[in-house]
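**Q** Structure in structure tokens, see below.
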Amino acid sequence: MSKANLPDTNGHFGPYGGRFCAETLMEPLDELLEAYERLKHDADFQAEYDKDLAHYVGRPSPLYFAERWTEILGGAKVYLKREDLNHTGAHKINNTIGQALLAKYLGKTRIIAETGAGQHGVASATVAARLGLECVVYMGAEDVKRQALNVYRMKLLGAEVVSVTSGSKTLKDALNEAMRDWVTNVDNTFYIIGTVAGPHPYPMLVRDFQTVIGREAKRQILEAEGRLPDALVACVGGGSNAIGLFHPFIDDEAVALYGVEGGGDGIDTPRHAAPLCVGRPGVLHGNRTYLVEDENGQIIETHSVSAGLDYPGVGPEHAWLKDSGRANYVAATDTEALQAFHDLTRIEGIMPALESSHALAYAAKLAPQMDKDKIIIVNLSGRGDKDIHTVAGLEGITV
Amino acid sequence: MSRIAQRFSDLKTNGRKALIPFVTAGDPNPGVTVPLLHAMVEAGADLLELGVPFSDPMAEGPVIQKACERALLHNTSLRDVLAMVKAFRQTDSETPVVLMGYMNPVEAMGYQSFAKAAVESGVDGLLTVDMPPEEAGDLVAALLEASIDPIFLLAPTTVDERIAKICADASGFVYYVSLKGVTGAANLDIAAVEHKVEQIRRHTDLPIGVGFGIRDAETAQRVAAVADGVVVGSAVVNCVAENADQPEKINEAVCSLLREMRQAMDD
Ligand SMILES: Cc1ncc(COP(=O)(O)O)c(C=O)c1O
């Protein structure tokens, strides 16, 4: 049986996913699902989406053979899927372009989004500017501090950035606040969720918009090497860049899948953001999935050096891929990610986002254990410009 | 007959409407809650809604969000909340108590163990904001098995077909969320509420409680005129918040609000 044909009609990936949210949102979610199912097969919608991906986002993104890094690692050949070269600097725009089109077809005039690192907020503000839609971005107060550059970018793009001071003041709280806005303004507002989380149909539709990554990568590696890769590696915050790369390969059982979570200080410490590695199933933000929680079911504040991975939940499809054994989930610590950030910058002249650096850190462990004729594709989900202040700060440098 | 059904039936006989205050358990500290529950009954409450604090209260406005944060400073857990209900029951065996909150604490405890512990503590109903009937099959079974009423929400956006489905699963009463928004919002439209309540009545004989946006005696009175029960959350929690650093004043602040509401509703 294929593991790639989920979710079922109620949004379930095995026991995960579904729709756990306020009653007020059930009908709007049905409307969204109905519209999406219709537009998915609508030639005009698809043509507009494809055109935007080509001419606005700049797709296809290259699949780059990291020759020097491969040589230094001394094992499998490492290819990088260059989502960092997309317009606005990360994979997030693949999804916001698609959802903004949905908003347009549904006649919504206002867009809201949550953001952690600010990449999804920037990508949302960007598409809103382009379509002339009002845009409000919710961002945890802690992240507003860590990602000041992206906050200013969003403002330049005409978005209002709301600093969220409730709870732990990070991505999960921004998501809560965005949900509160949506439930209040549901008539004219489209909520662009930034990852494969939230209630059905979000995990499915965000995935579908992100699978362009994996479809391109498959074609590109067949062109370059004449065969499929042996392993795929991607970082997992909510899991959208990872599922985008993984999904077109799920039925290719010989391709190993590795999702890399934010290990923070280490998954044997309390400071991490690794629900798949050490969490347990529960219900948060509209779906059932693995969570970082205490014994009473309260969500615990997570920690990762990268704001985009600092999330206590994870997309339900990953929970299912974990349980079914199809994908492996591991973690990279802050220190390992920072090392990978520097390595890729110095060795390949590519400055990766701190999120993506987690995938690179794991690939750097994996490659040397594999033969030289093996192939790994790492999803380079975003570029590191936004993280320069964080990295400098950690090293005691003021820029 | 369950305590909730009994209470609504008695009220109906007497031609009265239910006043249903909500407080967050453990806010501002765990010692406050049980005496406050008793005081609210004294001031005219017919049913009690006890909020289970949660770290991510998505449907809550700022007032109840902060109440959750205050309660969680003391690590008030679902088990602690059950212990409070048990303590309350030692001297009040009649007033129905409905727990209101989010799914994850119940998930963490497990449906069966929750239902068993809840009924032993004297809980009468469970309302989880983020649990629509579509996902609730196993939970409803566990609750009904323990004779706990599963309470479901209906919203302004709930269409006829769903109203029918939800009412079929519900027992005790149904809770109509009177506005599109979070708790404590101010955009209550009584005419729209009346219209929707009539629509709901075509699908169920269960009593209909209305909540969200009822802030004072006047709104309580106007909603009581069209519904069977009036749920008052943020306005009550506000009285708690304003006295959070002088907890001995909380009961009086809450009760004077409830007495005004009671009087307006009974007039
Ligand atoms: C560059 C980059 N990669 C990865 C992520 C993590 O999100 P996801 O796991 O949904 O891909 C983010 C989130 O902000 C990001 O900015």
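Each chain of the structure tokens is named A, B, ... in the order shown, its residues numbered from 1; ligands are numbered from 1 in display order.
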For Leu284 of chain A, please output as an MDAnalysis selection string all residues within 8 Å (counting only C-alpha atoms; exclusion window: fewer than 4 positions along the same chain).
**A** (chainID A and resid 20 288:289 291 313) or (chainID B and resid 104)
**Q** I need the residues from that last selection saved to file as a PDB file, in the first residue's frame (with C-alpha atoms), if you can.
**A**
ATOM      1  CA  PHE A  20      -9.352  20.056  16.436  1.00  0.00           C
ATOM      2  CA  ARG A 288      -3.147  15.436  16.714  1.00  0.00           C
ATOM      3  CA  THR A 289       0.595  14.979  16.527  1.00  0.00           C
ATOM      4  CA  LEU A 291       4.266  17.391  21.080  1.00  0.00           C
ATOM      5  CA  GLY A 313       4.566  20.459  17.580  1.00  0.00           C
TER       6      GLY A 313
ATOM      7  CA  ASN B 104      -4.527  18.129  25.449  1.00  0.00           C
TER       8      ASN B 104
END
**Q** Using only C-alpha atoms and all ligand atoms, which residues of the polymer chains come no farther than 6 Å from ligand 1? I'd like the answer as a PyMOL selection string.
**A** chain A and resi 90+116-117+119-120+195+236-242+308-309+353+355-356+381-382
**Q** With a distance threshold of 9 Å and counting only C-alpha atoms, extract the residues of chain A near chain B and express them as a VMD selection string.
**A** chain A and resid 10 18 to 28 166 to 168 172 to 173 175 to 177 179 to 186 281 to 286 293 to 300
**Q** Using only C-alpha atoms, find the one residue out of B:Ala25, B:Ala141, B:Ala264, B:Ala39 that sits nearest to Gly101 of chain B.
**A** B:Ala25
**Q** Any idea what's packed within 12 Å of Asp10 of chain B, counting only C-alpha atoms, ignoring anything in its chain fewer than 6 positions away? Could you give it as a VMD selection string?
**A** chain B and resid 1 3 to 4 16 to 18 46 94 to 95 207 228
**Q** Go ahead and dump the residues you just picked, all heavy atoms, as a PDB file, in the first residue's frame.
**A**
ATOM      1  N   MET B   1     -31.829  10.918  36.221  1.00  0.00           N
ATOM      2  CA  MET B   1     -31.545  12.163  35.489  1.00  0.00           C
ATOM      3  C   MET B   1     -30.226  12.760  35.978  1.00  0.00           C
ATOM      4  O   MET B   1     -29.952  12.750  37.171  1.00  0.00           O
ATOM      5  CB  MET B   1     -32.695  13.165  35.734  1.00  0.00           C
ATOM      6  CG  MET B   1     -32.789  14.249  34.672  1.00  0.00           C
ATOM      7  SD  MET B   1     -34.027  15.510  35.075  1.00  0.00           S
ATOM      8  CE  MET B   1     -35.490  14.864  34.301  1.00  0.00           C
ATOM      9  N   ARG B   3     -27.332  15.525  36.954  1.00  0.00           N
ATOM     10  CA  ARG B   3     -27.462  16.765  37.717  1.00  0.00           C
ATOM     11  C   ARG B   3     -27.759  17.952  36.800  1.00  0.00           C
ATOM     12  O   ARG B   3     -28.515  18.853  37.163  1.00  0.00           O
ATOM     13  CB  ARG B   3     -26.167  17.036  38.493  1.00  0.00           C
ATOM     14  CG  ARG B   3     -26.332  16.847  39.992  1.00  0.00           C
ATOM     15  CD  ARG B   3     -25.132  17.372  40.763  1.00  0.00           C
ATOM     16  NE  ARG B   3     -23.911  16.667  40.411  1.00  0.00           N
ATOM     17  CZ  ARG B   3     -23.257  15.818  41.220  1.00  0.00           C
ATOM     18  NH1 ARG B   3     -23.679  15.584  42.438  1.00  0.00           N
ATOM     19  NH2 ARG B   3     -22.161  15.220  40.809  1.00  0.00           N
ATOM     20  N   ILE B   4     -27.150  17.944  35.608  1.00  0.00           N
ATOM     21  CA  ILE B   4     -27.366  19.071  34.687  1.00  0.00           C
ATOM     22  C   ILE B   4     -28.815  19.086  34.197  1.00  0.00           C
ATOM     23  O   ILE B   4     -29.497  20.110  34.242  1.00  0.00           O
ATOM     24  CB  ILE B   4     -26.396  18.981  33.484  1.00  0.00           C
ATOM     25  CG1 ILE B   4     -24.949  19.157  33.964  1.00  0.00           C
ATOM     26  CG2 ILE B   4     -26.737  20.032  32.431  1.00  0.00           C
ATOM     27  CD1 ILE B   4     -23.901  18.994  32.872  1.00  0.00           C
ATOM     28  N   ARG B  16     -37.367  30.064  35.391  1.00  0.00           N
ATOM     29  CA  ARG B  16     -36.136  30.850  35.506  1.00  0.00           C
ATOM     30  C   ARG B  16     -35.101  30.368  34.501  1.00  0.00           C
ATOM     31  O   ARG B  16     -35.207  29.289  33.945  1.00  0.00           O
ATOM     32  CB  ARG B  16     -35.571  30.725  36.924  1.00  0.00           C
ATOM     33  CG  ARG B  16     -36.465  31.310  37.982  1.00  0.00           C
ATOM     34  CD  ARG B  16     -35.920  30.977  39.358  1.00  0.00           C
ATOM     35  NE  ARG B  16     -34.815  31.852  39.739  1.00  0.00           N
ATOM     36  CZ  ARG B  16     -33.804  31.491  40.536  1.00  0.00           C
ATOM     37  NH1 ARG B  16     -33.748  30.264  40.997  1.00  0.00           N
ATOM     38  NH2 ARG B  16     -32.863  32.355  40.857  1.00  0.00           N
ATOM     39  N   LYS B  17     -34.105  31.228  34.296  1.00  0.00           N
ATOM     40  CA  LYS B  17     -33.018  30.901  33.387  1.00  0.00           C
ATOM     41  C   LYS B  17     -31.745  30.644  34.187  1.00  0.00           C
ATOM     42  O   LYS B  17     -31.570  31.206  35.272  1.00  0.00           O
ATOM     43  CB  LYS B  17     -32.786  32.045  32.393  1.00  0.00           C
ATOM     44  CG  LYS B  17     -34.013  32.370  31.539  1.00  0.00           C
ATOM     45  CD  LYS B  17     -34.441  31.154  30.725  1.00  0.00           C
ATOM     46  CE  LYS B  17     -35.751  31.359  29.981  1.00  0.00           C
ATOM     47  NZ  LYS B  17     -35.658  32.279  28.859  1.00  0.00           N
ATOM     48  N   ALA B  18     -30.874  29.813  33.628  1.00  0.00           N
ATOM     49  CA  ALA B  18     -29.661  29.439  34.353  1.00  0.00           C
ATOM     50  C   ALA B  18     -28.592  30.521  34.251  1.00  0.00           C
ATOM     51  O   ALA B  18     -28.286  31.007  33.159  1.00  0.00           O
ATOM     52  CB  ALA B  18     -29.111  28.125  33.800  1.00  0.00           C
ATOM     53  N   ASP B  46     -26.457  28.872  38.983  1.00  0.00           N
ATOM     54  CA  ASP B  46     -27.204  27.619  38.887  1.00  0.00           C
ATOM     55  C   ASP B  46     -26.328  26.448  38.459  1.00  0.00           C
ATOM     56  O   ASP B  46     -26.557  25.308  38.846  1.00  0.00           O
ATOM     57  CB  ASP B  46     -28.343  27.771  37.885  1.00  0.00           C
ATOM     58  CG  ASP B  46     -29.292  28.871  38.289  1.00  0.00           C
ATOM     59  OD1 ASP B  46     -29.918  28.730  39.357  1.00  0.00           O
ATOM     60  OD2 ASP B  46     -29.384  29.875  37.568  1.00  0.00           O
ATOM     61  N   GLU B  94     -25.485  19.333  44.779  1.00  0.00           N
ATOM     62  CA  GLU B  94     -26.560  19.621  43.827  1.00  0.00           C
ATOM     63  C   GLU B  94     -26.159  20.462  42.630  1.00  0.00           C
ATOM     64  O   GLU B  94     -26.701  20.295  41.536  1.00  0.00           O
ATOM     65  CB  GLU B  94     -27.706  20.330  44.559  1.00  0.00           C
ATOM     66  CG  GLU B  94     -28.509  19.344  45.372  1.00  0.00           C
ATOM     67  CD  GLU B  94     -29.608  20.011  46.162  1.00  0.00           C
ATOM     68  OE1 GLU B  94     -29.782  21.254  46.034  1.00  0.00           O
ATOM     69  OE2 GLU B  94     -30.286  19.291  46.910  1.00  0.00           O
ATOM     70  N   THR B  95     -25.243  21.402  42.840  1.00  0.00           N
ATOM     71  CA  THR B  95     -24.928  22.321  41.744  1.00  0.00           C
ATOM     72  C   THR B  95     -24.065  21.621  40.699  1.00  0.00           C
ATOM     73  O   THR B  95     -22.981  21.125  41.014  1.00  0.00           O
ATOM     74  CB  THR B  95     -24.177  23.558  42.278  1.00  0.00           C
ATOM     75  OG1 THR B  95     -24.889  24.069  43.401  1.00  0.00           O
ATOM     76  CG2 THR B  95     -24.070  24.629  41.202  1.00  0.00           C
ATOM     77  N   PRO B 207     -31.539  22.019  26.615  1.00  0.00           N
ATOM     78  CA  PRO B 207     -31.442  23.437  26.956  1.00  0.00           C
ATOM     79  C   PRO B 207     -30.285  24.088  26.190  1.00  0.00           C
ATOM     80  O   PRO B 207     -29.307  23.412  25.858  1.00  0.00           O
ATOM     81  CB  PRO B 207     -31.140  23.433  28.458  1.00  0.00           C
ATOM     82  CG  PRO B 207     -31.418  22.052  28.936  1.00  0.00           C
ATOM     83  CD  PRO B 207     -31.303  21.136  27.765  1.00  0.00           C
ATOM     84  N   ASP B 228     -31.799  29.492  27.434  1.00  0.00           N
ATOM     85  CA  ASP B 228     -32.108  28.821  28.704  1.00  0.00           C
ATOM     86  C   ASP B 228     -31.056  29.065  29.765  1.00  0.00           C
ATOM     87  O   ASP B 228     -31.290  28.849  30.942  1.00  0.00           O
ATOM     88  CB  ASP B 228     -32.227  27.309  28.469  1.00  0.00           C
ATOM     89  CG  ASP B 228     -33.259  26.989  27.411  1.00  0.00           C
ATOM     90  OD1 ASP B 228     -34.416  27.420  27.579  1.00  0.00           O
ATOM     91  OD2 ASP B 228     -32.902  26.354  26.403  1.00  0.00           O
TER      92      ASP B 228
END
**Q** Interatomic distance between atom CA of Val223 of chain B and atom CA of His195 of chain B?
**A**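 Interatomic distance here is 11.7 Å.
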**Q** Between B:Ile64, B:Ala115, B:Ile190, B:Ile148, which is the closest to Val97 of chain B once you count only C-alpha atoms?
**A** B:Ile148
**Q** Run DSSP on the backbone of this structure and report the residues of segment 47-205 of chain B it assigns to helix (DSSP H, G or I), as a PyMOL selection string.
**A** chain B and resi 62-73+78-89+103-109+111-121+133-135+137-145+160-169+190-201
**Q** Find the spatial neighbours of Ala253 of chain B, counting only C-alpha atoms, within a cut-off of 10 Å - ignore same-chain residues fewer than 3 positions away - and output them as JSON, numbers by chain.
**A** {"B": [236, 238, 239, 240, 242, 243, 248, 249, 250, 256, 257, 258]}
**Q** Generate a file of the selected residues that holds all heavy atoms, formatted as a short mmCIF file (atom, residue, chain, number, x, y, z; two decimals), in the first residue's frame.
**A**
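Result written to selection.cif:
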data_model
loop_
_atom_site.label_atom_id
_atom_site.label_comp_id
_atom_site.auth_asym_id
_atom_site.auth_seq_id
_atom_site.Cartn_x
_atom_site.Cartn_y
_atom_site.Cartn_z
N VAL B 236 -16.55 37.75 34.80
CA VAL B 236 -16.28 37.19 36.13
C VAL B 236 -14.77 37.12 36.37
O VAL B 236 -14.27 37.54 37.43
CB VAL B 236 -16.91 35.78 36.27
CG1 VAL B 236 -16.44 35.11 37.55
CG2 VAL B 236 -18.43 35.87 36.23
N ASN B 238 -12.53 38.85 35.11
CA ASN B 238 -12.04 40.21 35.32
C ASN B 238 -12.09 40.61 36.79
O ASN B 238 -11.16 41.25 37.30
CB ASN B 238 -12.91 41.19 34.52
CG ASN B 238 -12.05 42.04 33.62
OD1 ASN B 238 -10.84 42.17 33.85
ND2 ASN B 238 -12.66 42.60 32.61
N CYS B 239 -13.17 40.24 37.47
CA CYS B 239 -13.29 40.55 38.91
C CYS B 239 -12.18 39.84 39.68
O CYS B 239 -11.66 40.36 40.66
CB CYS B 239 -14.63 40.10 39.46
SG CYS B 239 -16.04 40.92 38.72
N VAL B 240 -11.84 38.63 39.25
CA VAL B 240 -10.74 37.89 39.89
C VAL B 240 -9.43 38.62 39.62
O VAL B 240 -8.64 38.89 40.54
CB VAL B 240 -10.67 36.44 39.37
CG1 VAL B 240 -9.48 35.71 40.00
CG2 VAL B 240 -11.98 35.70 39.65
N GLU B 242 -8.80 41.71 38.82
CA GLU B 242 -8.64 43.02 39.46
C GLU B 242 -8.26 42.88 40.93
O GLU B 242 -7.75 43.83 41.52
CB GLU B 242 -9.95 43.82 39.33
CG GLU B 242 -10.07 44.46 37.96
CD GLU B 242 -11.45 45.03 37.70
OE1 GLU B 242 -12.32 44.95 38.61
OE2 GLU B 242 -11.66 45.55 36.59
N ASN B 243 -8.53 41.72 41.50
CA ASN B 243 -8.22 41.52 42.91
C ASN B 243 -7.16 40.44 43.12
O ASN B 243 -7.05 39.88 44.21
CB ASN B 243 -9.50 41.16 43.67
CG ASN B 243 -10.49 42.30 43.66
OD1 ASN B 243 -10.30 43.31 44.33
ND2 ASN B 243 -11.52 42.17 42.84
N GLU B 248 -8.57 38.05 49.16
CA GLU B 248 -9.70 38.02 50.08
C GLU B 248 -10.87 38.86 49.56
O GLU B 248 -12.00 38.73 50.02
CB GLU B 248 -9.26 38.47 51.49
CG GLU B 248 -8.86 39.92 51.64
CD GLU B 248 -7.47 40.26 51.05
OE1 GLU B 248 -6.76 39.33 50.59
OE2 GLU B 248 -7.11 41.45 51.03
N LYS B 249 -10.61 39.72 48.56
CA LYS B 249 -11.70 40.54 48.02
C LYS B 249 -12.37 39.93 46.79
O LYS B 249 -13.33 40.48 46.26
CB LYS B 249 -11.13 41.92 47.63
CG LYS B 249 -10.50 42.66 48.80
CD LYS B 249 -10.60 44.17 48.61
CE LYS B 249 -10.21 44.88 49.90
NZ LYS B 249 -9.38 46.06 49.66
N ILE B 250 -11.82 38.80 46.33
CA ILE B 250 -12.32 38.23 45.07
C ILE B 250 -13.78 37.81 45.17
O ILE B 250 -14.60 38.16 44.32
CB ILE B 250 -11.44 37.03 44.64
CG1 ILE B 250 -10.07 37.54 44.16
CG2 ILE B 250 -12.11 36.23 43.53
CD1 ILE B 250 -9.07 36.46 43.86
N SER B 256 -20.92 40.32 43.70
CA SER B 256 -21.77 41.48 43.47
C SER B 256 -22.15 41.56 41.99
O SER B 256 -23.28 41.93 41.65
CB SER B 256 -21.14 42.76 44.02
OG SER B 256 -20.14 43.21 43.17
N LEU B 257 -21.23 41.17 41.11
CA LEU B 257 -21.58 41.11 39.68
C LEU B 257 -22.68 40.06 39.45
O LEU B 257 -23.67 40.32 38.75
CB LEU B 257 -20.35 40.76 38.84
CG LEU B 257 -20.61 40.54 37.35
CD1 LEU B 257 -20.97 41.85 36.65
CD2 LEU B 257 -19.42 39.89 36.65
N LEU B 258 -22.50 38.89 40.04
CA LEU B 258 -23.48 37.81 39.82
C LEU B 258 -24.85 38.19 40.37
O LEU B 258 -25.89 37.90 39.76
CB LEU B 258 -23.00 36.50 40.44
CG LEU B 258 -21.77 35.86 39.80
CD1 LEU B 258 -21.48 34.51 40.45
CD2 LEU B 258 -21.94 35.69 38.29
#
**Q** Find, counting only C-alpha atoms, the residue in B:Asp189, B:Met100, B:Arg202, B:Thr219 that gets nearest to Arg262 of chain B.
**A**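 Of B:Asp189, B:Met100, B:Arg202, B:Thr219, the one nearest Arg262 of chain B, counting only C-alpha atoms, is B:Thr219.
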**Q** Could you check how far atom CA of Leu360 of chain A sits from atom CA of Gly214 of chain A, in Å to one decimal?
**A**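 According to the coordinates, atom CA of Leu360 of chain A and atom CA of Gly214 of chain A are separated by 17.3 Å.
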**Q** Leaving out His74 of chain B and any residue of its chain fewer than 2 positions from it, which residues lie within 9 Å of it when counting only C-alpha atoms, given as a list of chain:residue names?
**A**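 The neighbour list is B:Gly26, B:Asp27, B:Pro28, B:Asn29, B:Pro30, B:Arg70, B:Ala71, B:Leu72, B:Thr76, B:Ser77.
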**Q** Suppose we keep C-alpha atoms; can you now write the selection as a PDB file, in the first residue's frame?
**A**
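Everything below was put into part.pdb:
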ATOM      1  CA  GLY B  26      -6.297  27.912  40.358  1.00  0.00           C
ATOM      2  CA  ASP B  27      -6.602  31.597  39.440  1.00  0.00           C
ATOM      3  CA  PRO B  28      -4.925  33.523  41.010  1.00  0.00           C
ATOM      4  CA  ASN B  29      -3.940  30.671  43.336  1.00  0.00           C
ATOM      5  CA  PRO B  30      -5.345  27.204  44.006  1.00  0.00           C
ATOM      6  CA  ARG B  70      -1.755  32.928  36.666  1.00  0.00           C
ATOM      7  CA  ALA B  71      -3.084  29.437  37.387  1.00  0.00           C
ATOM      8  CA  LEU B  72      -0.169  27.776  35.608  1.00  0.00           C
ATOM      9  CA  THR B  76      -2.607  23.848  38.399  1.00  0.00           C
ATOM     10  CA  SER B  77      -3.134  20.552  36.566  1.00  0.00           C
TER      11      SER B  77
END
**Q** Within segment 70-107 of chain B, find each residue whose DSSP state, derived from the backbone, is strand (DSSP E), and express the selection as a ChimeraX atom specification.
**A** /B:97-101
**Q** Write a file of the just-selected residues containing all heavy atoms, as a PDB file, in the first residue's frame.
**A**
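Output file again_18.pdb is given in full below:
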ATOM      1  N   VAL B  97     -21.379  20.886  37.905  1.00  0.00           N
ATOM      2  CA  VAL B  97     -20.078  21.462  37.576  1.00  0.00           C
ATOM      3  C   VAL B  97     -19.632  20.925  36.207  1.00  0.00           C
ATOM      4  O   VAL B  97     -19.562  19.715  35.999  1.00  0.00           O
ATOM      5  CB  VAL B  97     -19.013  21.112  38.633  1.00  0.00           C
ATOM      6  CG1 VAL B  97     -17.632  21.624  38.204  1.00  0.00           C
ATOM      7  CG2 VAL B  97     -19.397  21.687  39.991  1.00  0.00           C
ATOM      8  N   VAL B  98     -19.359  21.856  35.311  1.00  0.00           N
ATOM      9  CA  VAL B  98     -18.881  21.500  33.978  1.00  0.00           C
ATOM     10  C   VAL B  98     -17.434  21.955  33.850  1.00  0.00           C
ATOM     11  O   VAL B  98     -17.128  23.115  34.143  1.00  0.00           O
ATOM     12  CB  VAL B  98     -19.741  22.198  32.896  1.00  0.00           C
ATOM     13  CG1 VAL B  98     -19.155  21.963  31.504  1.00  0.00           C
ATOM     14  CG2 VAL B  98     -21.183  21.730  32.965  1.00  0.00           C
ATOM     15  N   LEU B  99     -16.561  21.048  33.447  1.00  0.00           N
ATOM     16  CA  LEU B  99     -15.185  21.447  33.180  1.00  0.00           C
ATOM     17  C   LEU B  99     -15.099  21.973  31.760  1.00  0.00           C
ATOM     18  O   LEU B  99     -15.679  21.409  30.834  1.00  0.00           O
ATOM     19  CB  LEU B  99     -14.215  20.277  33.343  1.00  0.00           C
ATOM     20  CG  LEU B  99     -14.108  19.645  34.717  1.00  0.00           C
ATOM     21  CD1 LEU B  99     -12.923  18.666  34.743  1.00  0.00           C
ATOM     22  CD2 LEU B  99     -13.956  20.689  35.814  1.00  0.00           C
ATOM     23  N   MET B 100     -14.370  23.074  31.617  1.00  0.00           N
ATOM     24  CA  MET B 100     -14.240  23.666  30.294  1.00  0.00           C
ATOM     25  C   MET B 100     -12.764  23.892  30.019  1.00  0.00           C
ATOM     26  O   MET B 100     -12.049  24.416  30.869  1.00  0.00           O
ATOM     27  CB  MET B 100     -14.995  24.990  30.259  1.00  0.00           C
ATOM     28  CG  MET B 100     -14.944  25.668  28.912  1.00  0.00           C
ATOM     29  SD  MET B 100     -16.238  26.921  28.824  1.00  0.00           S
ATOM     30  CE  MET B 100     -15.955  27.553  27.174  1.00  0.00           C
ATOM     31  N   GLY B 101     -12.320  23.472  28.859  1.00  0.00           N
ATOM     32  CA  GLY B 101     -10.912  23.676  28.557  1.00  0.00           C
ATOM     33  C   GLY B 101     -10.552  23.134  27.192  1.00  0.00           C
ATOM     34  O   GLY B 101     -11.371  23.152  26.273  1.00  0.00           O
TER      35      GLY B 101
END
**Q** In Å, with one decimal, what is the gap from atom CA of Gln112 of chain B to atom CA of Pro150 of chain B?
**A**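 Going from atom CA of Gln112 of chain B over to atom CA of Pro150 of chain B covers 13.9 Å.
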**Q** Skipping near chain neighbours, those fewer than 6 positions away, what residues fall within 10 Å of Glu218 of chain B using only C-alpha atoms, listed as JSON, numbers by chain?
**A** {"B": [224, 260, 261, 264, 265]}
**Q** Env of Glu216 of chain A: 8 Å cut, atoms = only C-alpha atoms, seq-sep filter 3 positions within chain, self excluded. Answer as an mmCIF file with N, CA and C atoms, in the first residue's frame.
**A**
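Output file out07.cif follows:
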data_model
loop_
_atom_site.group_PDB
_atom_site.id
_atom_site.type_symbol
_atom_site.label_atom_id
_atom_site.label_comp_id
_atom_site.auth_asym_id
_atom_site.auth_seq_id
_atom_site.Cartn_x
_atom_site.Cartn_y
_atom_site.Cartn_z
ATOM 1 N N PRO A 60 12.604 26.506 -11.693
ATOM 2 C CA PRO A 60 13.057 25.581 -10.655
ATOM 3 C C PRO A 60 14.306 26.094 -9.933
ATOM 4 N N SER A 61 14.421 25.734 -8.671
ATOM 5 C CA SER A 61 15.647 26.064 -7.943
ATOM 6 C C SER A 61 16.694 25.009 -8.307
ATOM 7 N N VAL A 212 6.590 20.765 -4.854
ATOM 8 C CA VAL A 212 7.359 21.210 -6.023
ATOM 9 C C VAL A 212 8.853 20.996 -5.756
ATOM 10 N N ILE A 213 9.263 21.084 -4.501
ATOM 11 C CA ILE A 213 10.678 20.881 -4.150
ATOM 12 C C ILE A 213 11.101 19.453 -4.518
ATOM 13 N N ARG A 219 13.506 14.987 -10.624
ATOM 14 C CA ARG A 219 13.847 15.160 -12.041
ATOM 15 C C ARG A 219 15.323 15.534 -12.184
ATOM 16 N N GLN A 220 15.761 16.448 -11.325
ATOM 17 C CA GLN A 220 17.131 16.965 -11.437
ATOM 18 C C GLN A 220 18.180 15.904 -11.114
#
**Q** From the options A:Val233, A:Leu157, A:Ala76, A:Leu380, which residue's atoms come nearest to Tyr64 of chain A, counting only C-alpha atoms?
**A**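 Selected residue with least distance to Tyr64 of chain A: A:Leu380.
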